[in-house]
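Shown next: model.txt, containing compact mmCIF, C-alpha atoms.
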# COMPACT_ATOMS: atom_id res chain seq x y z
CA MET A 17 159.31 220.51 43.37
CA ASN A 18 161.69 223.28 43.17
CA MET A 19 164.29 221.25 44.98
CA THR A 20 163.73 218.40 42.61
CA ASN A 21 164.18 220.70 39.70
CA ASP A 22 167.28 222.30 41.20
CA SER A 23 168.72 218.88 41.90
CA LYS A 24 168.18 217.71 38.33
CA THR A 25 169.81 220.88 36.92
CA THR A 26 172.84 220.49 39.12
CA ASP A 27 173.22 216.83 38.21
CA ALA A 28 173.10 217.63 34.52
CA ALA A 29 175.86 220.21 34.89
CA ASN A 30 177.98 217.82 36.86
CA ASP A 31 177.51 215.04 34.19
CA GLU A 32 178.66 217.29 31.20
CA THR A 33 181.64 215.62 29.41
CA PRO A 34 184.79 217.83 29.54
CA ARG A 35 186.11 219.06 26.13
CA VAL A 36 189.35 217.56 24.83
CA CYS A 37 191.78 218.50 22.02
CA PRO A 38 190.78 216.54 18.90
CA TRP A 39 194.48 215.99 18.04
CA CYS A 40 196.00 214.86 21.35
CA ASP A 41 192.91 214.22 23.57
CA LYS A 42 194.25 216.64 26.17
CA PRO A 43 191.40 218.27 28.21
CA LEU A 44 190.82 221.81 27.07
CA ARG A 45 190.55 224.70 29.47
CA ALA A 46 189.26 228.05 28.41
CA ASP A 47 192.60 229.70 28.89
CA GLU A 48 194.41 227.05 26.84
CA THR A 49 192.05 226.88 23.87
CA GLU A 50 193.03 227.94 20.33
CA GLN A 51 190.54 228.11 17.48
CA CYS A 52 191.34 227.43 13.80
CA ALA A 53 190.81 230.54 11.69
CA ILE A 54 189.53 228.47 8.78
CA CYS A 55 187.27 225.69 10.14
CA GLY A 56 186.67 226.99 13.69
CA GLU A 57 187.90 223.80 15.37
CA SER A 58 189.22 224.24 18.92
CA MET A 59 192.51 222.72 19.97
CA CYS A 60 195.19 223.01 22.59
CA GLU A 61 198.11 225.39 22.24
CA ASP A 62 200.51 222.52 21.57
CA CYS A 63 198.54 221.26 18.58
CA ALA A 64 197.84 224.65 17.02
CA TYR A 65 199.78 225.90 13.98
CA LYS A 66 200.49 229.52 13.21
CA CYS A 67 200.61 230.66 9.59
CA ASP A 68 204.12 231.83 8.82
CA ARG A 69 202.76 234.64 6.68
CA CYS A 70 199.74 236.10 8.49
CA ASP A 71 199.98 234.54 12.02
CA ASP A 72 196.46 233.05 11.83
CA ILE A 73 195.89 229.98 14.03
CA LEU A 74 195.36 226.78 12.05
CA CYS A 75 194.47 223.20 12.90
CA GLU A 76 196.34 220.26 11.47
CA ASN A 77 193.76 219.73 8.76
CA CYS A 78 193.81 223.33 7.53
CA ALA A 79 197.52 224.11 7.84
CA THR A 80 199.31 223.54 4.51
CA GLU A 81 203.03 222.83 4.35
CA CYS A 82 205.41 224.52 1.91
CA VAL A 83 207.16 221.73 0.04
CA GLU A 84 210.41 223.68 0.11
CA CYS A 85 210.88 225.05 3.64
CA GLY A 86 208.30 222.95 5.53
CA GLY A 87 206.57 226.01 7.03
CA ALA A 88 202.85 225.98 7.87
CA TYR A 89 200.62 228.35 5.93
CA CYS A 90 197.05 229.17 5.16
CA PRO A 91 196.23 227.58 1.81
CA SER A 92 195.62 231.03 0.33
CA HIS A 93 199.18 232.02 1.18
CA LEU A 94 200.78 229.27 -0.89
CA LEU A 95 201.29 229.08 -4.65
CA GLU A 96 200.71 225.93 -6.65
CA CYS A 97 203.57 224.80 -8.87
CA HIS A 98 202.79 225.22 -12.56
CA GLU A 99 204.35 221.83 -13.35
CA CYS A 100 203.14 219.59 -10.46
CA PRO A 101 200.70 219.57 -7.47
CA ASN A 102 203.33 220.84 -5.01
CA ARG A 103 202.56 224.05 -3.11
CA VAL A 104 205.25 226.61 -2.34
CA CYS A 105 205.35 229.71 -0.14
CA TYR A 106 206.14 233.15 -1.49
CA ASP A 107 209.65 233.05 -0.05
CA CYS A 108 210.52 229.77 -1.74
CA VAL A 109 208.69 230.00 -5.04
CA ALA A 110 210.56 230.50 -8.32
CA CYS A 111 208.80 232.31 -11.15
CA CYS A 112 209.45 231.67 -14.84
CA THR A 113 211.19 234.69 -16.36
CA ASN A 114 209.13 234.25 -19.54
CA CYS A 115 205.54 233.51 -18.47
CA GLY A 116 205.69 234.28 -14.73
CA GLU A 117 204.27 230.90 -13.66
CA SER A 118 205.22 229.53 -10.21
CA MET A 119 207.55 226.56 -9.85
CA CYS A 120 208.86 224.37 -7.06
CA GLU A 121 212.50 223.37 -6.79
CA ASP A 122 211.95 220.02 -8.53
CA CYS A 123 210.38 221.61 -11.59
CA ARG A 124 212.45 224.74 -12.09
CA THR A 125 215.43 225.00 -14.41
CA VAL A 126 217.94 227.79 -14.73
CA CYS A 127 218.90 229.46 -17.99
CA ASP A 128 222.60 228.72 -18.54
CA ARG A 129 223.15 232.22 -19.96
CA CYS A 130 221.38 234.60 -17.56
CA ASP A 131 220.71 232.36 -14.50
CA GLU A 132 217.00 233.25 -14.52
CA TYR A 133 214.41 230.55 -13.77
CA VAL A 134 212.46 229.13 -16.68
CA CYS A 135 209.60 226.61 -16.75
CA ARG A 136 209.38 223.52 -18.89
CA ASP A 137 206.99 225.14 -21.37
CA CYS A 138 209.19 228.20 -21.96
CA ARG A 139 212.69 226.78 -21.98
CA TYR A 140 214.76 225.98 -25.05
CA SER A 141 217.79 223.81 -25.56
CA CYS A 142 220.73 224.85 -27.73
CA GLU A 143 220.86 222.64 -30.79
CA ASN A 144 224.64 222.46 -30.59
CA CYS A 145 225.77 222.38 -26.92
CA GLY A 146 222.48 221.49 -25.17
CA ASP A 147 222.50 224.46 -22.77
CA ILE A 148 219.12 225.45 -21.28
CA LEU A 149 217.94 228.85 -22.55
CA CYS A 150 215.12 231.23 -21.67
CA GLY A 151 213.22 233.19 -24.29
CA GLU A 152 215.50 236.21 -23.90
CA CYS A 153 218.70 234.26 -24.40
CA VAL A 154 217.70 231.96 -27.27
CA TRP A 155 218.81 232.75 -30.82
CA TRP A 156 217.15 231.37 -33.93
CA SER A 157 219.10 230.44 -37.03
CA ASP A 158 217.80 231.44 -40.44
CA GLN A 159 219.62 228.45 -41.87
CA ASP A 160 217.85 225.60 -40.07
CA ASP A 161 215.21 227.32 -37.88
CA CYS A 162 216.78 225.75 -34.78
CA ALA A 163 217.41 227.27 -31.34
CA TYR A 164 220.99 228.15 -30.37
CA CYS A 165 222.83 229.94 -27.61
CA ALA A 166 224.81 233.03 -28.58
CA ASN A 167 228.09 231.09 -28.68
CA CYS A 168 226.76 228.40 -31.01
CA LEU A 169 224.57 230.48 -33.31
CA PRO A 170 225.54 229.71 -36.88
CA GLU A 171 227.02 232.80 -38.44
CA SER A 172 225.72 233.60 -41.87
CA LYS A 173 225.49 236.30 -44.46
CA ALA A 174 223.78 235.45 -47.70
CA PRO A 175 226.11 236.12 -50.64
CA ALA A 176 225.64 239.66 -51.92
CA TYR A 177 227.15 239.61 -55.38
CA SER A 178 228.33 242.86 -56.90
CA PRO A 179 225.75 244.22 -59.35
CA GLU A 180 228.58 245.69 -61.43
CA ARG A 181 230.36 242.34 -61.66
CA GLN A 182 227.07 240.68 -62.54
CA ARG A 183 226.47 243.26 -65.26
CA ILE A 184 229.92 242.77 -66.76
CA MET A 185 229.52 238.99 -66.79
CA ASP A 186 226.05 239.13 -68.34
CA SER A 187 227.24 241.48 -71.08
CA HIS A 188 230.05 239.12 -72.18
CA GLU A 189 228.72 235.72 -73.13
CA HIS A 190 232.10 234.02 -73.46
CA MET A 191 233.89 235.53 -70.47
CA PHE A 192 235.33 233.10 -67.93
CA THR A 193 234.15 233.71 -64.38
CA VAL A 194 234.62 231.60 -61.28
CA GLY A 195 233.48 231.58 -57.67
CA LEU A 196 235.16 229.91 -54.72
CA GLU A 197 233.88 228.42 -51.48
CA ILE A 198 236.64 228.57 -48.88
CA GLU A 199 236.09 226.35 -45.84
CA ILE A 200 238.16 226.93 -42.68
CA ASN A 201 237.88 224.37 -39.89
CA GLY A 202 239.32 226.26 -36.94
CA GLY A 203 240.11 229.65 -35.52
CA HIS A 204 241.20 232.35 -37.95
CA ASP A 205 240.90 236.06 -38.61
CA HIS A 206 237.16 236.28 -39.22
CA ASP A 207 237.07 240.02 -39.73
CA LYS A 208 239.70 239.99 -42.46
CA LEU A 209 237.67 237.61 -44.58
CA LYS A 210 234.21 238.95 -43.76
CA ASN A 211 235.25 242.47 -44.72
CA HIS A 212 237.32 241.60 -47.78
CA PRO A 213 235.90 243.11 -51.00
CA LEU A 214 236.09 239.76 -52.80
CA ILE A 215 234.06 237.92 -50.13
CA ALA A 216 230.32 238.03 -50.84
CA GLY A 217 228.99 235.91 -47.97
CA TYR A 218 229.74 233.35 -45.27
CA CYS A 219 228.01 230.70 -43.20
CA THR A 220 228.60 227.75 -40.92
CA ASP A 221 228.86 224.29 -42.43
CA GLY A 222 227.88 220.95 -40.94
CA SER A 223 231.15 219.35 -42.01
CA LEU A 224 233.16 221.91 -40.01
CA TYR A 225 232.98 220.72 -36.41
CA HIS A 226 235.23 223.43 -34.96
CA ARG A 227 233.16 226.15 -33.26
CA ASP A 228 235.06 228.90 -35.08
CA GLY A 229 234.89 227.21 -38.47
CA LEU A 230 233.19 229.04 -41.32
CA GLU A 231 232.69 228.75 -45.06
CA TYR A 232 233.23 231.88 -47.15
CA GLN A 233 231.77 232.48 -50.62
CA THR A 234 233.59 234.81 -52.97
CA ASP A 235 232.06 237.31 -55.30
CA ILE A 236 232.10 236.70 -59.05
CA LEU A 237 235.79 236.48 -59.92
CA PHE A 238 237.44 237.40 -63.20
CA THR A 239 240.91 236.35 -64.29
CA THR A 240 242.12 239.79 -63.25
CA ASP A 241 241.20 238.87 -59.65
CA PHE A 242 243.51 235.83 -59.49
CA ASP A 243 246.35 237.64 -57.75
CA ALA A 244 244.05 239.28 -55.20
CA ILE A 245 242.27 236.06 -54.26
CA ASN A 246 245.59 234.26 -53.98
CA GLU A 247 246.89 236.94 -51.64
CA LEU A 248 243.80 236.58 -49.49
CA VAL A 249 244.20 232.81 -49.27
CA GLU A 250 247.88 233.18 -48.48
CA SER A 251 246.89 235.27 -45.46
CA ILE A 252 244.60 232.61 -43.98
CA HIS A 253 246.16 230.84 -41.02
CA CYS A 254 243.96 228.23 -39.35
CA TYR A 255 244.22 227.35 -35.66
CA GLY A 256 242.58 223.98 -35.18
CA ASP A 257 243.12 220.27 -34.56
CA GLU A 258 241.96 219.13 -37.99
CA PRO A 259 242.25 221.95 -40.53
CA GLU A 260 242.41 219.34 -43.29
CA ARG A 261 238.78 218.45 -42.60
CA ALA A 262 237.83 221.54 -44.61
CA GLY A 263 237.59 221.57 -48.38
CA GLY A 264 237.48 224.02 -51.26
CA HIS A 265 234.85 224.23 -53.98
CA MET A 266 235.10 225.96 -57.33
CA HIS A 267 232.10 227.16 -59.33
CA VAL A 268 232.85 227.75 -63.01
CA ARG A 269 230.44 229.70 -65.17
CA ARG A 270 227.87 227.57 -66.96
CA THR A 271 227.29 228.00 -70.68
CA ARG A 272 225.84 225.72 -73.32
CA ARG A 273 229.29 224.23 -73.97
CA GLN A 274 230.18 223.77 -70.30
CA THR A 275 228.73 220.41 -69.28
CA PRO A 276 229.33 218.22 -66.21
CA ASN A 277 230.32 215.33 -68.47
CA ARG A 278 233.14 217.37 -70.02
CA TRP A 279 234.41 218.40 -66.60
CA TYR A 280 234.24 214.78 -65.45
CA TRP A 281 236.66 213.76 -68.20
CA ALA A 282 238.88 216.75 -67.39
CA LEU A 283 239.26 215.44 -63.83
CA LYS A 284 239.55 211.86 -65.03
CA GLY A 285 242.54 212.79 -67.19
CA LEU A 286 244.64 213.90 -64.20
CA SER A 287 247.15 211.55 -62.65
CA ASP A 288 247.35 211.29 -58.87
CA ARG A 289 250.44 213.48 -58.82
CA GLN A 290 248.82 216.11 -61.02
CA ALA A 291 245.68 216.12 -58.87
CA ARG A 292 247.75 216.69 -55.73
CA ASN A 293 249.66 219.52 -57.42
CA LEU A 294 246.29 221.16 -58.13
CA ASN A 295 245.25 220.59 -54.50
CA MET A 296 242.67 218.02 -55.60
CA ARG A 297 241.91 214.94 -53.54
CA HIS A 298 239.50 212.86 -55.61
CA THR A 299 242.30 210.44 -56.52
CA TYR A 300 243.28 209.57 -52.94
CA TYR A 301 240.64 210.82 -50.46
CA ASN A 302 237.25 211.04 -52.11
CA ARG A 303 234.85 210.88 -49.18
CA TRP A 304 233.35 214.23 -50.19
CA CYS A 305 234.29 214.25 -53.87
CA GLU A 306 233.94 210.86 -55.50
CA LEU A 307 234.45 210.99 -59.26
CA ARG A 308 231.45 209.14 -60.69
CA HIS A 309 230.61 209.12 -64.38
CA GLY A 310 227.03 210.18 -65.03
CA ASP A 311 226.32 210.95 -61.36
CA TYR A 312 226.61 214.71 -61.08
CA SER A 313 224.44 215.69 -58.16
CA GLY A 314 224.88 215.81 -54.42
CA LYS A 315 227.39 216.85 -51.80
CA ASP A 316 229.73 213.88 -52.20
CA THR A 317 230.48 214.09 -55.92
CA ALA A 318 233.52 215.63 -57.57
CA VAL A 319 231.33 217.33 -60.20
CA ASN A 320 228.05 218.82 -59.00
CA ASP A 321 225.55 219.89 -61.67
CA THR A 322 222.72 221.04 -59.38
CA HIS A 323 223.37 224.79 -59.64
CA ALA A 324 221.57 226.81 -62.29
CA ASP A 325 224.39 229.18 -63.26
CA THR A 326 227.56 227.24 -62.42
CA ILE A 327 229.15 223.82 -62.48
CA GLU A 328 230.68 223.02 -59.11
CA LEU A 329 233.99 221.20 -58.75
CA ARG A 330 234.11 219.80 -55.22
CA THR A 331 237.42 218.03 -55.59
CA PHE A 332 239.71 220.49 -53.82
CA ALA A 333 241.30 220.22 -50.38
CA ARG A 334 241.37 223.18 -48.00
CA TRP A 335 242.64 226.56 -49.10
CA ASP A 336 244.78 228.52 -46.67
CA ASP A 337 248.40 229.62 -46.30
CA THR A 338 249.56 226.00 -46.66
CA THR A 339 247.93 225.48 -50.09
CA ALA A 340 247.72 228.95 -51.65
CA THR A 341 250.36 228.20 -54.27
CA ARG A 342 248.30 225.27 -55.48
CA LEU A 343 245.17 227.42 -55.65
CA ALA A 344 246.93 229.69 -58.13
CA VAL A 345 247.75 226.74 -60.37
CA ALA A 346 244.22 225.30 -60.00
CA LEU A 347 242.68 228.56 -61.16
CA GLU A 348 244.98 228.61 -64.19
CA TRP A 349 244.03 225.01 -65.01
CA ALA A 350 240.29 225.68 -64.64
CA HIS A 351 240.56 228.79 -66.79
CA HIS A 352 242.41 226.89 -69.52
CA MET A 353 239.95 223.99 -69.56
CA TRP A 354 236.95 226.34 -69.56
CA ARG A 355 238.29 228.17 -72.62
CA TYR A 356 239.10 224.83 -74.26
CA PHE A 357 235.50 223.67 -73.84
CA GLU A 358 234.13 227.04 -74.90
CA SER A 359 236.05 226.90 -78.14
CA HIS A 360 234.62 223.52 -79.15
CA GLU A 361 231.01 222.88 -80.00
CA LEU A 362 229.27 220.02 -78.22
CA TYR A 363 230.16 216.54 -79.52
CA GLN A 364 233.30 217.83 -81.23
CA LEU A 365 235.58 216.57 -78.46
CA LYS A 366 236.35 212.95 -77.70
CA THR A 367 236.90 211.87 -74.12
CA ALA A 368 240.53 211.10 -74.98
CA ASP A 369 240.97 214.63 -76.30
CA ILE A 370 239.65 216.14 -73.06
CA MET A 371 241.77 213.89 -70.83
CA ARG A 372 244.89 214.61 -72.87
CA GLU A 373 244.32 218.37 -72.79
CA SER A 374 243.63 218.34 -69.07
CA ALA A 375 246.81 216.39 -68.30
CA ARG A 376 248.86 218.61 -70.61
CA SER A 377 247.52 221.75 -68.99
CA ALA A 378 248.10 220.43 -65.47
CA TYR A 379 251.61 219.31 -66.36
CA ALA A 380 252.53 222.65 -67.86
CA ALA A 381 250.75 224.52 -65.05
CA PRO A 382 251.44 227.93 -66.62
CA ARG A 383 251.55 230.92 -64.31
CA THR A 384 250.40 233.90 -66.30
CA THR A 385 251.18 237.49 -65.44
CA PRO A 386 248.51 240.11 -64.68
CA ALA A 387 249.14 241.68 -68.08
CA MET A 388 248.62 238.33 -69.81
CA ARG A 389 245.38 237.73 -67.90
CA LEU A 390 244.15 241.22 -68.77
CA ALA A 391 244.84 240.52 -72.44
CA THR A 392 242.97 237.22 -72.19
CA SER A 393 240.06 238.92 -70.49
CA ARG A 394 239.83 241.43 -73.33
CA LYS A 395 239.79 238.61 -75.87
CA GLU A 396 236.92 236.98 -74.00
CA ASP A 397 235.07 240.28 -74.09
Show this structure as structure tokens.
Amino acid sequence: MNMTNDSKTTDAANDETPRVCPWCDKPLRADETEQCAICGESMCEDCAYKCDRCDDILCENCATECVECGGAYCPSHLLECHECPNRVCYDCVACCTNCGESMCEDCRTVCDRCDEYVCRDCRYSCENCGDILCGECVWWSDQDDCAYCANCLPESKAPAYSPERQRIMDSHEHMFTVGLEIEINGGHDHDKLKNHPLIAGYCTDGSLYHRDGLEYQTDILFTTDFDAINELVESIHCYGDEPERAGGHMHVRRTRRQTPNRWYWALKGLSDRQARNLNMRHTYYNRWCELRHGDYSGKDTAVNDTHADTIELRTFARWDDTTATRLAVALEWAHHMWRYFESHELYQLKTADIMRESARSAYAAPRTTPAMRLATSRKED
């Protein structure tokens, strides 16, 4: 009985199936067995993986590969990409400099200014040049609320008009005042203009494609400022491929007798030669200053009536050292026509009268002296 029982026990032990590696079917011996730290599965040494971070033994099912370096890791030692399902090890992961989220190589981008990594949710693109920017390197424009890099940020300073000049103008109802917009399409001495006492503000302009181009707005100008503003314009030297792309605008003071229709006929009365002598271009290149009767609004008209306190003449070409002499004459012409209108009640002037007076004034093109302008200014007071 005992023999029978011993025989059966021995036979059962002899019939036990030997263990094999589940991955390569190689028989497993006790001294060759590795056990997965996660699922407990046994395997041979050849089929076992070792975590590159903690050295734990892993089976093929539990070992997770870093998408970047291909190393085997415990799942807990890999980071999931914020943008896609890829998993990345700590050595290969890139973290967004703004939000800190993990990214794989396919999803990361680099800020073109500081070379830090930035994710898709946190990156910006410069409105002008298209460079990728992180949150630290992006600049926001007050003009259009768009993102820019530091090189492309539109420069601007809202015009800060002199309170004293404003007071003087307001206290003299019939005093001629004028303001200029000076566009420069190219490199130039920015500091000289920005810091000049007659410049009230500046900004970029969509029509000026050159990266260094700016538009400057003058303060309220009196006739006694003519020499000073001419000297400033004479000092402007533009370095650019197309300086002629820029234009000049003149804002004359609005009163009850200053109407866009009167100024239309003043421009209409000028011959092509006279217009050129006044640095005007509505007679030969009117893309931005078309002379249209009755249409006095917009950025492509010679006479713009959309401003509350001024009437804008957009007819002028650029003002710099090449055209400063013509600016002087244009200011004299505008001053003369403004006084002519101011001295005649509405409906007292015929269109032929205005055209004739405009042509006569442009032909004579008087250059007054500072003393003469001072005397005129006192009369207007």
I want to know what sits within 12 Å of range 247-257 of chain A, based on all atoms listed in the file, with residues of the same chain fewer than 6 positions away left out; could you give that as a ChimeraX atom specification? /A:196-215,224-230,232,234,241,264,334-344
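Between CA of Gly285 in chain A and CA of His267 in chain A the interatomic distance comes to 19.4 Å.
In this structure, CA of Asn295 in chain A sits 13.7 Å away from CA of Asn246 in chain A.
Among the candidates A:Val345, A:Cys108, A:Val36, A:Ile370, the residue lying nearest to Met59 in chain A is A:Val36 (atoms considered: only C-alpha atoms).
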Smallest atom-to-atom distance to His309 in chain A: which of A:Ser223, A:Thr367, A:Ser374, A:Thr240, using only C-alpha atoms? A:Thr367
So that I can see what lies close to range 349-366 of chain A, please list as a list in words the residues with an atom at most 7 Å from it, counting only C-alpha atoms and leaving out residues fewer than 2 positions away in the same chain. Phe192, Arg273, Gln274, Val345, Ala346, Leu347, Ala368, Asp369, Ile370, Ser374, Ser377, Ala378 and Ala381 of chain A
Based on the selection just made, write C-alpha atoms of those residues as an mmCIF file, in the coordinates of the input.
data_model
loop_
_atom_site.group_PDB
_atom_site.id
_atom_site.type_symbol
_atom_site.label_atom_id
_atom_site.label_comp_id
_atom_site.auth_asym_id
_atom_site.auth_seq_id
_atom_site.Cartn_x
_atom_site.Cartn_y
_atom_site.Cartn_z
ATOM 1 C CA PHE A 192 235.330 233.100 -67.930
ATOM 2 C CA ARG A 273 229.290 224.230 -73.970
ATOM 3 C CA GLN A 274 230.180 223.770 -70.300
ATOM 4 C CA VAL A 345 247.750 226.740 -60.370
ATOM 5 C CA ALA A 346 244.220 225.300 -60.000
ATOM 6 C CA LEU A 347 242.680 228.560 -61.160
ATOM 7 C CA ALA A 368 240.530 211.100 -74.980
ATOM 8 C CA ASP A 369 240.970 214.630 -76.300
ATOM 9 C CA ILE A 370 239.650 216.140 -73.060
ATOM 10 C CA SER A 374 243.630 218.340 -69.070
ATOM 11 C CA SER A 377 247.520 221.750 -68.990
ATOM 12 C CA ALA A 378 248.100 220.430 -65.470
ATOM 13 C CA ALA A 381 250.750 224.520 -65.050
#
Residue contacts of Thr275 in chain A (12 Å, all atoms listed in the file) excluding same-chain residues fewer than 5 positions away, as a CSV table (one decimal) with C-alpha atoms, keeping the file's coordinate frame:
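And here's selection.csv as it stands now:
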chain,number,residue,atom,x,y,z
A,268,VAL,CA,232.8,227.8,-63.0
A,269,ARG,CA,230.4,229.7,-65.2
A,270,ARG,CA,227.9,227.6,-67.0
A,280,TYR,CA,234.2,214.8,-65.4
A,281,TRP,CA,236.7,213.8,-68.2
A,282,ALA,CA,238.9,216.8,-67.4
A,310,GLY,CA,227.0,210.2,-65.0
A,312,TYR,CA,226.6,214.7,-61.1
A,319,VAL,CA,231.3,217.3,-60.2
A,320,ASN,CA,228.0,218.8,-59.0
A,321,ASP,CA,225.6,219.9,-61.7
A,322,THR,CA,222.7,221.0,-59.4
A,323,HIS,CA,223.4,224.8,-59.6
A,324,ALA,CA,221.6,226.8,-62.3
A,325,ASP,CA,224.4,229.2,-63.3
A,326,THR,CA,227.6,227.2,-62.4
A,327,ILE,CA,229.2,223.8,-62.5
A,328,GLU,CA,230.7,223.0,-59.1
A,329,LEU,CA,234.0,221.2,-58.8
A,353,MET,CA,240.0,224.0,-69.6
A,354,TRP,CA,237.0,226.3,-69.6
A,357,PHE,CA,235.5,223.7,-73.8
A,358,GLU,CA,234.1,227.0,-74.9
A,360,HIS,CA,234.6,223.5,-79.2
A,361,GLU,CA,231.0,222.9,-80.0
A,362,LEU,CA,229.3,220.0,-78.2
A,363,TYR,CA,230.2,216.5,-79.5
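Restricting the calculation to only C-alpha atoms, the smallest distance between Val109 in chain A and any of A:Asp243, A:Ala291, A:Leu94, A:Cys63 is found for A:Leu94.
Across the structure, CA of Glu57 in chain A and CA of Cys97 in chain A are spaced 28.9 Å apart.
The smallest atom-to-atom distance between Thr271 in chain A and any of A:Glu189, A:Glu180, A:Asp221, A:Glu258, using all atoms listed in the file, is found for A:Glu189.
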List every residue of range 19-120 of chain A that has an atom at most 12 Å from any atom of range 126-146 of chain A, giving for each one its closest atom pair and the distance in Å to one decimal, counting only C-alpha atoms, sorted by chain and then by ascending residue number, as a Markdown table.
| residue | atom | partner | partner_atom | distance |
| --- | --- | --- | --- | --- |
| A:Cys97 | CA | A:Cys135 | CA | 10.1 |
| A:His98 | CA | A:Cys135 | CA | 8.1 |
| A:Glu99 | CA | A:Arg136 | CA | 7.7 |
| A:Cys100 | CA | A:Arg136 | CA | 11.2 |
| A:Val109 | CA | A:Tyr133 | CA | 10.5 |
| A:Ala110 | CA | A:Tyr133 | CA | 6.7 |
| A:Cys111 | CA | A:Tyr133 | CA | 6.4 |
| A:Cys112 | CA | A:Val134 | CA | 4.3 |
| A:Thr113 | CA | A:Val134 | CA | 5.7 |
| A:Asn114 | CA | A:Cys138 | CA | 6.5 |
| A:Cys115 | CA | A:Cys138 | CA | 7.3 |
| A:Gly116 | CA | A:Val134 | CA | 8.7 |
| A:Glu117 | CA | A:Cys135 | CA | 7.5 |
| A:Ser118 | CA | A:Cys135 | CA | 8.4 |
| A:Met119 | CA | A:Cys135 | CA | 7.2 |
| A:Cys120 | CA | A:Cys135 | CA | 10.0 |
Selection above as a file: C-alpha atoms, as a PDB file, keeping the file's coordinate frame:
ATOM      1  CA  CYS A  97     203.570 224.800  -8.870  1.00  0.00           C
ATOM      2  CA  HIS A  98     202.790 225.220 -12.560  1.00  0.00           C
ATOM      3  CA  GLU A  99     204.350 221.830 -13.350  1.00  0.00           C
ATOM      4  CA  CYS A 100     203.140 219.590 -10.460  1.00  0.00           C
ATOM      5  CA  VAL A 109     208.690 230.000  -5.040  1.00  0.00           C
ATOM      6  CA  ALA A 110     210.560 230.500  -8.320  1.00  0.00           C
ATOM      7  CA  CYS A 111     208.800 232.310 -11.150  1.00  0.00           C
ATOM      8  CA  CYS A 112     209.450 231.670 -14.840  1.00  0.00           C
ATOM      9  CA  THR A 113     211.190 234.690 -16.360  1.00  0.00           C
ATOM     10  CA  ASN A 114     209.130 234.250 -19.540  1.00  0.00           C
ATOM     11  CA  CYS A 115     205.540 233.510 -18.470  1.00  0.00           C
ATOM     12  CA  GLY A 116     205.690 234.280 -14.730  1.00  0.00           C
ATOM     13  CA  GLU A 117     204.270 230.900 -13.660  1.00  0.00           C
ATOM     14  CA  SER A 118     205.220 229.530 -10.210  1.00  0.00           C
ATOM     15  CA  MET A 119     207.550 226.560  -9.850  1.00  0.00           C
ATOM     16  CA  CYS A 120     208.860 224.370  -7.060  1.00  0.00           C
TER      17      CYS A 120
END
Output range 226-234 of chain A with N, CA, C and O atoms present, as a compact mmCIF listing (two decimals), in the frame of the given file.
# COMPACT_ATOMS: atom_id res chain seq x y z
N HIS A 226 234.63 222.45 -35.86
CA HIS A 226 235.23 223.43 -34.96
C HIS A 226 234.28 224.61 -34.78
O HIS A 226 233.68 225.10 -35.74
N ARG A 227 234.14 225.10 -33.54
CA ARG A 227 233.16 226.15 -33.26
C ARG A 227 233.45 227.45 -33.98
O ARG A 227 232.56 228.26 -34.23
N ASP A 228 234.71 227.68 -34.36
CA ASP A 228 235.06 228.90 -35.08
C ASP A 228 235.14 228.69 -36.58
O ASP A 228 235.52 229.61 -37.32
N GLY A 229 234.81 227.50 -37.05
CA GLY A 229 234.89 227.21 -38.47
C GLY A 229 233.80 227.91 -39.26
O GLY A 229 232.66 228.01 -38.82
N LEU A 230 234.15 228.38 -40.44
CA LEU A 230 233.19 229.04 -41.32
C LEU A 230 233.51 228.72 -42.78
O LEU A 230 234.65 228.36 -43.11
N GLU A 231 232.51 228.85 -43.60
CA GLU A 231 232.69 228.75 -45.06
C GLU A 231 232.45 230.13 -45.64
O GLU A 231 231.45 230.78 -45.33
N TYR A 232 233.35 230.57 -46.52
CA TYR A 232 233.23 231.88 -47.15
C TYR A 232 232.96 231.69 -48.65
O TYR A 232 233.56 230.82 -49.28
N GLN A 233 232.06 232.52 -49.19
CA GLN A 233 231.77 232.48 -50.62
C GLN A 233 232.29 233.77 -51.25
O GLN A 233 232.01 234.87 -50.76
N THR A 234 233.05 233.62 -52.31
CA THR A 234 233.59 234.81 -52.97
C THR A 234 232.55 235.44 -53.89
O THR A 234 231.53 234.84 -54.22
